[in-house]
Amino acid sequence: MENIQNLPIDIQTTKLLDWLLDRRHCGLKWQSAVKVIREKINSAIQDMPESEEIKQLLSGSYIHYFHCLRIVEILKGTEASSKNIFGRYSSQRMKDWQEIVSLYEADNVYLAELASLLIRNVSYEGPALRKQIAKAQQLQQELSRREVECQSSGADLRERYYAACKQYGIKGENVTRELQALVKDLPVVLAEVGRDAAKLDEHIKFYTAFTNFVCEWSEPVLPLLTFVQKRGNTTYYEWRTGNVPTVIERPVVEEEPDAVTNDMIDWGDFGKATDMQNVNDGITVKDGIDWGISLEPNTEDTGAGGIDWGDSEVTPIEIEILDAGTDCPEGVARGEDALSILENSQSRSQFIDELMELEVFLTQRVSEMAEEGDVVAMSQFQLAPSVIQGQSREHIRQMMSQVQNLQGRLTSLRMQHLFMIQASPRYVERVSEVLRQKMKQADILVLKGATMAENRQEALEEQSKLEPRVDLLAGCTRELQKLIEADISKKYHKRPVNLMGVNI
């Protein structure tokens with residue numbers, strides 16, 4: 001018997017209510033009884049004495065049996081004056097709460113209600129709060145990650161924006177004006193290239209002598225490069241005709257006017273007296289409206305009254321075809337002819353092609369001179385001109401470097417964009433729009449990152465509100481566990497009772 005008395009009673013919390021019903025500790029209709037009790041509690045709390053402890057008890061989310069017992073104990077002190085000689089209270093407050101306690105104790109309704117509360121806290125309330133906290137924490141991590149991504153992407157777009165501006169050679173403060181300013185400096189840059197081309201005299205002579213000696217080539221090589229080397233970056237007219245123009249009329253590029261921001265329509269002076277007078281000059285109003293249509297045939301228009309089919313003899317139209325450039329007076333450079341050789345796209349392409357031709361020759365010559373150690377190669381160039389024999393491999397490499405430098409200055413990405421801007425003013429708008437889109441996307445990502453930070457802060461505040469609720473629920477659940485374990489233990493002669501799985 002002593003061994004049985006010391007054996008603990010282990011009850012799974014989720015099965016506690018079934019355990020109590022199976023052992024006849026509670027009735028099957030306990031929910032109906034609890035409903036009646038809750039109505040009486042709601043009615044009784046409307047009339048309560050002033051007591052701080054009662055206020056704390058009533059401020060809880062749910063009032064159960066043990067709260068009612070404590071309220072009765074408090075009322076014994078506050079309602080002591082209404083107690084008669086038989087130990088009963090005439091106060092209606094005391095009668096109401098004593099009735100509630102007695103209804104709770106009938107068929108152990110209070111125990112079934114407490115078990116239901118404990119199961120709800122353990123199975124539903126606690127996991128729901130934990131799930132909300134976990135969701136808030138996960139949302140914070142996701143928002144933090146996306147915030148970093150937005151900041152990183154925004155910084156990357158800004159770097160790409162300034163890198164693109166650097167390629168164009170501008171600061172990026174006012175893209176349109178800076179690009180237009182670069183085009184104004186383009187003739188100066190091309191003039192410097194033309195002056196540096198004058199240093200290619202030795203290169204051209206070396207290439208010419210080599211082609212004449214090896215290939216017996218009598219025709220001139222690198223004609224445009226030779227022309228620029230001697231005369232500089234002159235007009236295309238001078239290169240085409242060989243004569244210096246007396247008048248240069250460069251093409252005028254009309255800048256697009258700024259967009260009209262006014263939404264109103266400019267009707268001009270329409271409606272004034274002078275305009276209305278001009279409008280009315282051609283309208284004759286008598287009895288009706290004169291539409292200028294007559295039903296009578298007009299013999300003057302049709303001659304003999306028939307239809308003119310155009311069979312009469314007509315003077316033939318002579319079309320004169322003029323050659324390009326012949327419409328300009330002699331000595332006048334106009335349009336494309338007025339541009340410099342390096343500004344004109346056609347001559348510039350030829351100039352670059354000849355530079356590449358010279359570069360390829362020098363590169364090949366450097367490679368060949370590295371392998372000319374044999375007797376055959378030495379004897380082959382014994383009869384060559386001195387300009388060929390006197391060249392060393394290192395000197396040719398220096399000449400090749402000069403040609404590459406000149407070519408790179410014309411074919412760089414920045415120069416390509418400048419040539420495009422010069423050829424098409426609308427290209428400035430396209431480039432500006434592309435760059436503005438990059439900066440706009442960067443600003444959007446920065447704003448998006450700020451929004452992510454705000455949402456993350458809201459999720460953090462939500463978590464800070466949920467955590468005290470979890471702690472409060474855990475405290476109430478532990479208190480319910482102790483009360484239920486103690487009450488069941490009384491029914492089994494103080495045997496220890498353990499409710500298993502009470503975790504919040």
# chains A, B, ... in the order shown; residues from 1 in each chain; ligands from 1

$ residues_around --residues "Glu354 (chain A)" --least-positions-apart "6" --cutoff "9 Å" --atoms "only C-alpha atoms" --output "compact mmCIF listing (two decimals) with C-alpha atoms, in the first residue's frame"
# COMPACT_ATOMS: atom_id res chain seq x y z
CA VAL A 221 50.92 53.85 -100.71
CA LEU A 222 49.00 55.34 -97.79
CA PRO A 223 47.79 58.35 -99.81
CA LEU A 224 45.57 59.93 -97.14
CA LEU A 225 48.05 59.33 -94.32

$ select_by_dssp --residues "region 332-499 of chain A" --states "helix (DSSP H, G or I)" --output "JSON, numbers by chain"
{"A": [335, 336, 337, 338, 345, 346, 347, 348, 349, 350, 351, 352, 353, 354, 355, 356, 357, 358, 359, 360, 361, 362, 363, 364, 365, 366, 367, 368, 369, 375, 376, 377, 378, 379, 380, 386, 387, 388, 389, 393, 394, 395, 396, 397, 398, 399, 400, 401, 402, 403, 404, 405, 406, 407, 408, 409, 410, 411, 413, 414, 415, 416, 417, 418, 419, 420, 421, 422, 423, 426, 427, 428, 429, 430, 431, 432, 433, 434, 435, 436, 437, 438, 439, 440, 441, 442, 443, 444, 445, 446, 447, 448, 449, 450, 451, 452, 453, 454, 455, 456, 457, 458, 459, 460, 461, 462, 463, 464, 465, 466, 467, 468, 469, 470, 471, 472, 473, 474, 475, 476, 477, 478, 479, 480, 481, 482, 483, 484, 485, 486, 487, 488, 489, 490, 491]}

$ residues_around --residues "Leu358 (chain A)" --least-positions-apart "5" --cutoff "9 Å" --atoms "only C-alpha atoms" --output "ChimeraX atom specification"
/A:203-204,207,222,353,363,400,403

$ residues_around --residues "Arg146 (chain A)" --least-positions-apart "5" --cutoff "9 Å" --atoms "only C-alpha atoms" --output "JSON, numbers by chain"
{"A": [141, 151, 449, 452]}

$ residues_around --residues "Ile444 (chain A)" --least-positions-apart "6" --cutoff "12 Å" --atoms "only C-alpha atoms" --output "list in words"
Cys150, Gln151, Ser153, Gly154, Ala155, Leu157, Arg158, Gln437, Lys438, Ala450 and Thr451 of chain A

$ residues_around --residues "Asp10 (chain A)" --least-positions-apart "5" --cutoff "9 Å" --atoms "only C-alpha atoms" --output "mmCIF file with C-alpha atoms, in the first residue's frame"
data_model
loop_
_atom_site.group_PDB
_atom_site.id
_atom_site.type_symbol
_atom_site.label_atom_id
_atom_site.label_comp_id
_atom_site.auth_asym_id
_atom_site.auth_seq_id
_atom_site.Cartn_x
_atom_site.Cartn_y
_atom_site.Cartn_z
ATOM 1 C CA PRO A 496 2.180 12.948 -6.701
ATOM 2 C CA VAL A 497 0.646 13.984 -10.014
ATOM 3 C CA ASN A 498 2.724 14.988 -13.048
ATOM 4 C CA LEU A 499 1.201 16.668 -16.101
ATOM 5 C CA MET A 500 3.426 15.744 -19.030
#

$ closest_atom_pairs --of "region 363-423 of chain A" --to "region 342-347 of chain A" --cutoff "9 Å" --atoms "only C-alpha atoms" --output "CSV"
residue,atom,partner,partner_atom,distance
A:Leu410,CA,A:Leu342,CA,9.0
A:Phe419,CA,A:Glu343,CA,7.8
A:Gln422,CA,A:Glu343,CA,8.7
A:Ala423,CA,A:Ser345,CA,8.6

$ atom_distance --atom1 "CA of Ser116 (chain A)" --atom2 "CA of Trp97 (chain A)"
22.0 Å

$ closest_residue --among "A:Ile4, A:Leu57, A:Val193, A:Ile37" --to "Ile352 (chain A)" --atoms "only C-alpha atoms"
A:Val193
